[in-house]
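Everything below belongs to entry30.cif, which stores mmCIF, C-alpha atoms, pLDDT in the B column; chains and numbers go by the auth columns.
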```
data_coords
#
loop_
_atom_site.group_PDB
_atom_site.id
_atom_site.type_symbol
_atom_site.label_atom_id
_atom_site.label_comp_id
_atom_site.label_asym_id
_atom_site.label_seq_id
_atom_site.Cartn_x
_atom_site.Cartn_y
_atom_site.Cartn_z
_atom_site.B_iso_or_equiv
_atom_site.auth_seq_id
_atom_site.auth_asym_id
ATOM 1 C CA MET A 1 240.556 248.973 217.772 78.00 1443 F
ATOM 2 C CA VAL A 2 237.342 247.049 217.181 80.00 1444 F
ATOM 3 C CA PHE A 3 236.130 244.399 219.632 83.00 1445 F
ATOM 4 C CA LEU A 4 233.115 242.182 219.037 81.00 1446 F
ATOM 5 C CA HIS A 5 230.829 241.203 221.895 76.00 1447 F
ATOM 6 C CA HIS A 6 232.556 237.821 222.357 82.00 1448 F
ATOM 7 C CA SER A 7 235.678 239.761 223.368 88.00 1449 F
ATOM 8 C CA LEU A 8 234.062 240.551 226.723 86.00 1450 F
ATOM 9 C CA VAL A 9 234.869 237.056 228.010 88.00 1451 F
ATOM 10 C CA ALA A 10 238.477 237.025 226.757 90.00 1452 F
ATOM 11 C CA TYR A 11 241.525 237.512 228.974 91.00 1453 F
ATOM 12 C CA GLN A 12 239.635 237.053 232.251 86.00 1454 F
ATOM 13 C CA ASN A 13 242.899 237.174 234.238 87.00 1455 F
ATOM 14 C CA TRP A 14 244.150 240.450 232.708 91.00 1456 F
ATOM 15 C CA PRO A 15 242.436 243.388 234.479 89.00 1457 F
ATOM 16 C CA GLU A 16 243.738 245.962 231.978 94.00 1458 F
ATOM 17 C CA PHE A 17 241.824 244.246 229.151 92.00 1459 F
ATOM 18 C CA GLU A 18 238.544 245.347 230.766 90.00 1460 F
ATOM 19 C CA ASN A 19 239.805 248.949 230.683 92.00 1461 F
ATOM 20 C CA ILE A 20 240.918 248.639 227.066 92.00 1462 F
ATOM 21 C CA ILE A 21 237.587 247.346 225.695 90.00 1463 F
ATOM 22 C CA GLY A 22 235.320 249.103 228.207 89.00 1464 F
ATOM 23 C CA GLY A 23 233.528 246.103 229.674 88.00 1465 F
ATOM 24 C CA ARG A 24 233.705 242.567 230.966 87.00 1466 F
ATOM 25 C CA TYR A 25 231.587 239.422 231.060 87.00 1467 F
ATOM 26 C CA PHE A 26 231.584 238.087 234.616 86.00 1468 F
ATOM 27 C CA THR A 27 231.735 234.291 234.603 82.00 1469 F
ATOM 28 C CA ASP A 28 231.409 233.985 238.396 80.00 1470 F
ATOM 29 C CA THR A 29 230.776 236.059 241.508 80.00 1471 F
ATOM 30 C CA THR A 30 234.262 235.880 243.062 75.00 1472 F
ATOM 31 C CA GLN A 31 234.900 239.606 242.512 74.00 1473 F
ATOM 32 C CA GLY A 32 231.646 240.694 244.138 81.00 1474 F
ATOM 33 C CA ASN A 33 229.768 241.164 240.858 80.00 1475 F
ATOM 34 C CA SER A 34 226.708 239.298 239.649 85.00 1476 F
ATOM 35 C CA THR A 35 227.333 236.656 237.013 88.00 1477 F
ATOM 36 C CA SER A 36 226.720 238.146 233.556 86.00 1478 F
ATOM 37 C CA THR A 37 223.855 236.885 231.433 86.00 1479 F
ATOM 38 C CA TYR A 38 222.820 237.263 227.820 85.00 1480 F
ATOM 39 C CA HIS A 39 219.719 237.048 225.658 87.00 1481 F
ATOM 40 C CA GLU A 40 219.526 235.588 222.164 90.00 1482 F
ATOM 41 C CA GLU A 41 217.491 236.916 219.233 93.00 1483 F
ATOM 42 C CA VAL A 42 217.216 240.464 220.612 92.00 1484 F
ATOM 43 C CA ASN A 43 215.944 243.080 218.158 94.00 1485 F
ATOM 44 C CA VAL A 44 218.307 246.067 218.055 92.00 1486 F
ATOM 45 C CA SER A 45 217.479 249.443 216.510 95.00 1487 F
ATOM 46 C CA LEU A 46 220.431 251.404 215.150 94.00 1488 F
ATOM 47 C CA SER A 47 220.500 255.079 214.330 96.00 1489 F
ATOM 48 C CA ILE A 48 223.226 256.436 212.069 96.00 1490 F
ATOM 49 C CA ALA A 49 224.670 259.439 213.901 96.00 1491 F
ATOM 50 C CA ASP A 50 226.461 261.012 210.911 96.00 1492 F
ATOM 51 C CA LYS A 51 224.792 260.132 207.635 95.00 1493 F
ATOM 52 C CA ASP A 52 227.285 262.305 205.707 96.00 1494 F
ATOM 53 C CA HIS A 53 230.406 260.527 206.983 97.00 1495 F
ATOM 54 C CA PRO A 54 232.223 258.614 204.210 97.00 1496 F
ATOM 55 C CA VAL A 55 231.818 255.301 206.059 96.00 1497 F
ATOM 56 C CA THR A 56 228.087 255.703 206.746 96.00 1498 F
ATOM 57 C CA ARG A 57 227.019 257.761 203.716 96.00 1499 F
ATOM 58 C CA GLY A 58 223.970 256.152 202.125 95.00 1500 F
ATOM 59 C CA ILE A 59 223.104 253.991 205.133 96.00 1501 F
ATOM 60 C CA GLU A 60 219.733 254.600 206.755 96.00 1502 F
ATOM 61 C CA ASP A 61 218.653 253.799 210.304 97.00 1503 F
ATOM 62 C CA PHE A 62 217.721 250.137 210.649 96.00 1504 F
ATOM 63 C CA SER A 63 216.765 247.413 213.096 96.00 1505 F
ATOM 64 C CA GLY A 64 217.253 243.688 213.158 91.00 1506 F
ATOM 65 C CA VAL A 65 218.251 240.639 215.122 83.00 1507 F
#
```

Would it be possible to restate this file's structure as structure tokens?
Amino acid sequence: MVFLHHSLVAYQNWPEFENIIGGRYFTDTTQGNSTSTYHEEVNVSLSIADKDHPVTRGIEDFSGV
């Protein structure tokens, strides 16, 4: 399964969803956690772990916003 970052705020009332996608965006502090935040226009550097894999073959490391 593939989940994009916006998925973190989905299904806030289904605890198992957090286990399925491996994270959660906290919209309030009712569960004892700090409210989540985000930053826009963050530069991210990506390193291709397996450059010989059929999906990543020919792709070089890159960075971008």

Could you tell me how far atom CA of Ser1489 of chain F sits from atom CA of Ile1501 of chain F, in Å to one decimal place?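 Computed distance, atom CA of Ile1501 of chain F to atom CA of Ser1489 of chain F, equals 9.6 Å.
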
Just to confirm, what's the straight-line distance from atom CA of Glu1482 of chain F to atom CA of Val1451 of chain F in Å (one decimal)? 16.5 Å

Tell me which protein, DNA and RNA residues are within 12 Å of segment 1463-1470 of chain F, counting all atoms listed in the file, leaving out same-chain ones fewer than 2 positions away, and put them as a VMD selection string. chain F and resid 1443 to 1461 1472 to 1480

Keeping only C-alpha atoms, take the residues you just selected and write them out as a PDB file, keeping the file's coordinate frame.
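So result.pdb came out as:
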```pdb
ATOM      1  CA  MET F1443     240.556 248.973 217.772  1.00 78.00           C
ATOM      2  CA  VAL F1444     237.342 247.049 217.181  1.00 80.00           C
ATOM      3  CA  PHE F1445     236.130 244.399 219.632  1.00 83.00           C
ATOM      4  CA  LEU F1446     233.115 242.182 219.037  1.00 81.00           C
ATOM      5  CA  HIS F1447     230.829 241.203 221.895  1.00 76.00           C
ATOM      6  CA  HIS F1448     232.556 237.821 222.357  1.00 82.00           C
ATOM      7  CA  SER F1449     235.678 239.761 223.368  1.00 88.00           C
ATOM      8  CA  LEU F1450     234.062 240.551 226.723  1.00 86.00           C
ATOM      9  CA  VAL F1451     234.869 237.056 228.010  1.00 88.00           C
ATOM     10  CA  ALA F1452     238.477 237.025 226.757  1.00 90.00           C
ATOM     11  CA  TYR F1453     241.525 237.512 228.974  1.00 91.00           C
ATOM     12  CA  GLN F1454     239.635 237.053 232.251  1.00 86.00           C
ATOM     13  CA  ASN F1455     242.899 237.174 234.238  1.00 87.00           C
ATOM     14  CA  TRP F1456     244.150 240.450 232.708  1.00 91.00           C
ATOM     15  CA  PRO F1457     242.436 243.388 234.479  1.00 89.00           C
ATOM     16  CA  GLU F1458     243.738 245.962 231.978  1.00 94.00           C
ATOM     17  CA  PHE F1459     241.824 244.246 229.151  1.00 92.00           C
ATOM     18  CA  GLU F1460     238.544 245.347 230.766  1.00 90.00           C
ATOM     19  CA  ASN F1461     239.805 248.949 230.683  1.00 92.00           C
ATOM     20  CA  THR F1472     234.262 235.880 243.062  1.00 75.00           C
ATOM     21  CA  GLN F1473     234.900 239.606 242.512  1.00 74.00           C
ATOM     22  CA  GLY F1474     231.646 240.694 244.138  1.00 81.00           C
ATOM     23  CA  ASN F1475     229.768 241.164 240.858  1.00 80.00           C
ATOM     24  CA  SER F1476     226.708 239.298 239.649  1.00 85.00           C
ATOM     25  CA  THR F1477     227.333 236.656 237.013  1.00 88.00           C
ATOM     26  CA  SER F1478     226.720 238.146 233.556  1.00 86.00           C
ATOM     27  CA  THR F1479     223.855 236.885 231.433  1.00 86.00           C
ATOM     28  CA  TYR F1480     222.820 237.263 227.820  1.00 85.00           C
TER      29      TYR F1480
END
```

Hey, can you check how far atom CA of Thr1498 of chain F sits from atom CA of Val1484 of chain F? 23.3 Å

For the structure provided, state which residues fall under the PyMOL selection byres ((chain F and resi 1485) around 12), and present them as a ChimeraX atom specification. /F:1481-1484,1486-1488,1504-1507

Rebuild all heavy atoms on segment 1461-1472 of chain F, as a compact mmCIF listing (two decimals), in the frame of the given file?
```txt
# COMPACT_ATOMS: atom_id res chain seq x y z
N ASN F 1461 239.66 247.51 230.92
CA ASN F 1461 239.80 248.95 230.68
C ASN F 1461 239.96 249.26 229.20
O ASN F 1461 239.44 250.26 228.71
CB ASN F 1461 241.01 249.50 231.45
CG ASN F 1461 240.84 249.40 232.94
OD1 ASN F 1461 239.73 249.48 233.46
ND2 ASN F 1461 241.93 249.23 233.65
N ILE F 1462 240.68 248.41 228.49
CA ILE F 1462 240.92 248.64 227.07
C ILE F 1462 239.63 248.55 226.26
O ILE F 1462 239.35 249.41 225.42
CB ILE F 1462 241.96 247.63 226.52
CG1 ILE F 1462 243.33 247.92 227.14
CG2 ILE F 1462 242.03 247.67 225.00
CD1 ILE F 1462 244.37 246.84 226.87
N ILE F 1463 238.79 247.51 226.52
CA ILE F 1463 237.59 247.35 225.70
C ILE F 1463 236.34 247.98 226.32
O ILE F 1463 235.31 248.07 225.68
CB ILE F 1463 237.32 245.87 225.35
CG1 ILE F 1463 236.94 245.05 226.58
CG2 ILE F 1463 238.51 245.25 224.65
CD1 ILE F 1463 236.44 243.66 226.22
N GLY F 1464 236.44 248.39 227.58
CA GLY F 1464 235.32 249.10 228.21
C GLY F 1464 234.23 248.23 228.79
O GLY F 1464 233.11 248.68 228.97
N GLY F 1465 234.54 246.97 229.09
CA GLY F 1465 233.53 246.10 229.67
C GLY F 1465 234.09 244.74 229.97
O GLY F 1465 235.24 244.43 229.64
N ARG F 1466 233.28 243.92 230.62
CA ARG F 1466 233.70 242.57 230.97
C ARG F 1466 232.48 241.69 231.16
O ARG F 1466 231.44 242.15 231.63
CB ARG F 1466 234.51 242.59 232.25
CG ARG F 1466 234.96 241.22 232.68
CD ARG F 1466 235.85 241.28 233.86
NE ARG F 1466 236.22 239.92 234.23
CZ ARG F 1466 236.91 239.61 235.27
NH1 ARG F 1466 237.34 240.55 236.06
NH2 ARG F 1466 237.18 238.36 235.53
N TYR F 1467 232.61 240.42 230.82
CA TYR F 1467 231.59 239.42 231.06
C TYR F 1467 232.01 238.65 232.30
O TYR F 1467 233.06 238.00 232.31
CB TYR F 1467 231.47 238.47 229.86
CG TYR F 1467 230.30 237.52 229.94
CD1 TYR F 1467 229.09 237.86 229.37
CD2 TYR F 1467 230.41 236.29 230.58
CE1 TYR F 1467 228.01 236.99 229.43
CE2 TYR F 1467 229.34 235.42 230.65
CZ TYR F 1467 228.14 235.78 230.07
OH TYR F 1467 227.08 234.92 230.14
N PHE F 1468 231.24 238.74 233.36
CA PHE F 1468 231.58 238.09 234.62
C PHE F 1468 231.10 236.64 234.60
O PHE F 1468 229.91 236.37 234.50
CB PHE F 1468 230.98 238.85 235.80
CG PHE F 1468 231.59 240.20 235.98
CD1 PHE F 1468 230.96 241.33 235.48
CD2 PHE F 1468 232.81 240.34 236.62
CE1 PHE F 1468 231.54 242.59 235.63
CE2 PHE F 1468 233.39 241.59 236.77
CZ PHE F 1468 232.75 242.72 236.27
N THR F 1469 232.06 235.71 234.67
CA THR F 1469 231.74 234.29 234.60
C THR F 1469 231.41 233.70 235.98
O THR F 1469 230.90 232.61 236.06
CB THR F 1469 232.90 233.50 233.99
OG1 THR F 1469 234.09 233.74 234.76
CG2 THR F 1469 233.14 233.91 232.55
N ASP F 1470 231.73 234.44 237.04
CA ASP F 1470 231.41 233.98 238.40
C ASP F 1470 231.28 235.20 239.31
O ASP F 1470 231.42 236.34 238.87
CB ASP F 1470 232.46 233.01 238.93
CG ASP F 1470 233.85 233.61 238.92
OD1 ASP F 1470 234.03 234.75 239.42
OD2 ASP F 1470 234.78 232.94 238.44
N THR F 1471 231.02 234.96 240.57
CA THR F 1471 230.78 236.06 241.51
C THR F 1471 231.95 236.29 242.46
O THR F 1471 231.80 236.97 243.46
CB THR F 1471 229.50 235.77 242.33
OG1 THR F 1471 229.68 234.54 243.03
CG2 THR F 1471 228.28 235.70 241.45
N THR F 1472 233.13 235.78 242.14
CA THR F 1472 234.26 235.88 243.06
C THR F 1472 234.75 237.31 243.28
O THR F 1472 235.37 237.60 244.28
CB THR F 1472 235.45 235.02 242.58
OG1 THR F 1472 235.82 235.44 241.28
CG2 THR F 1472 235.10 233.55 242.58
```
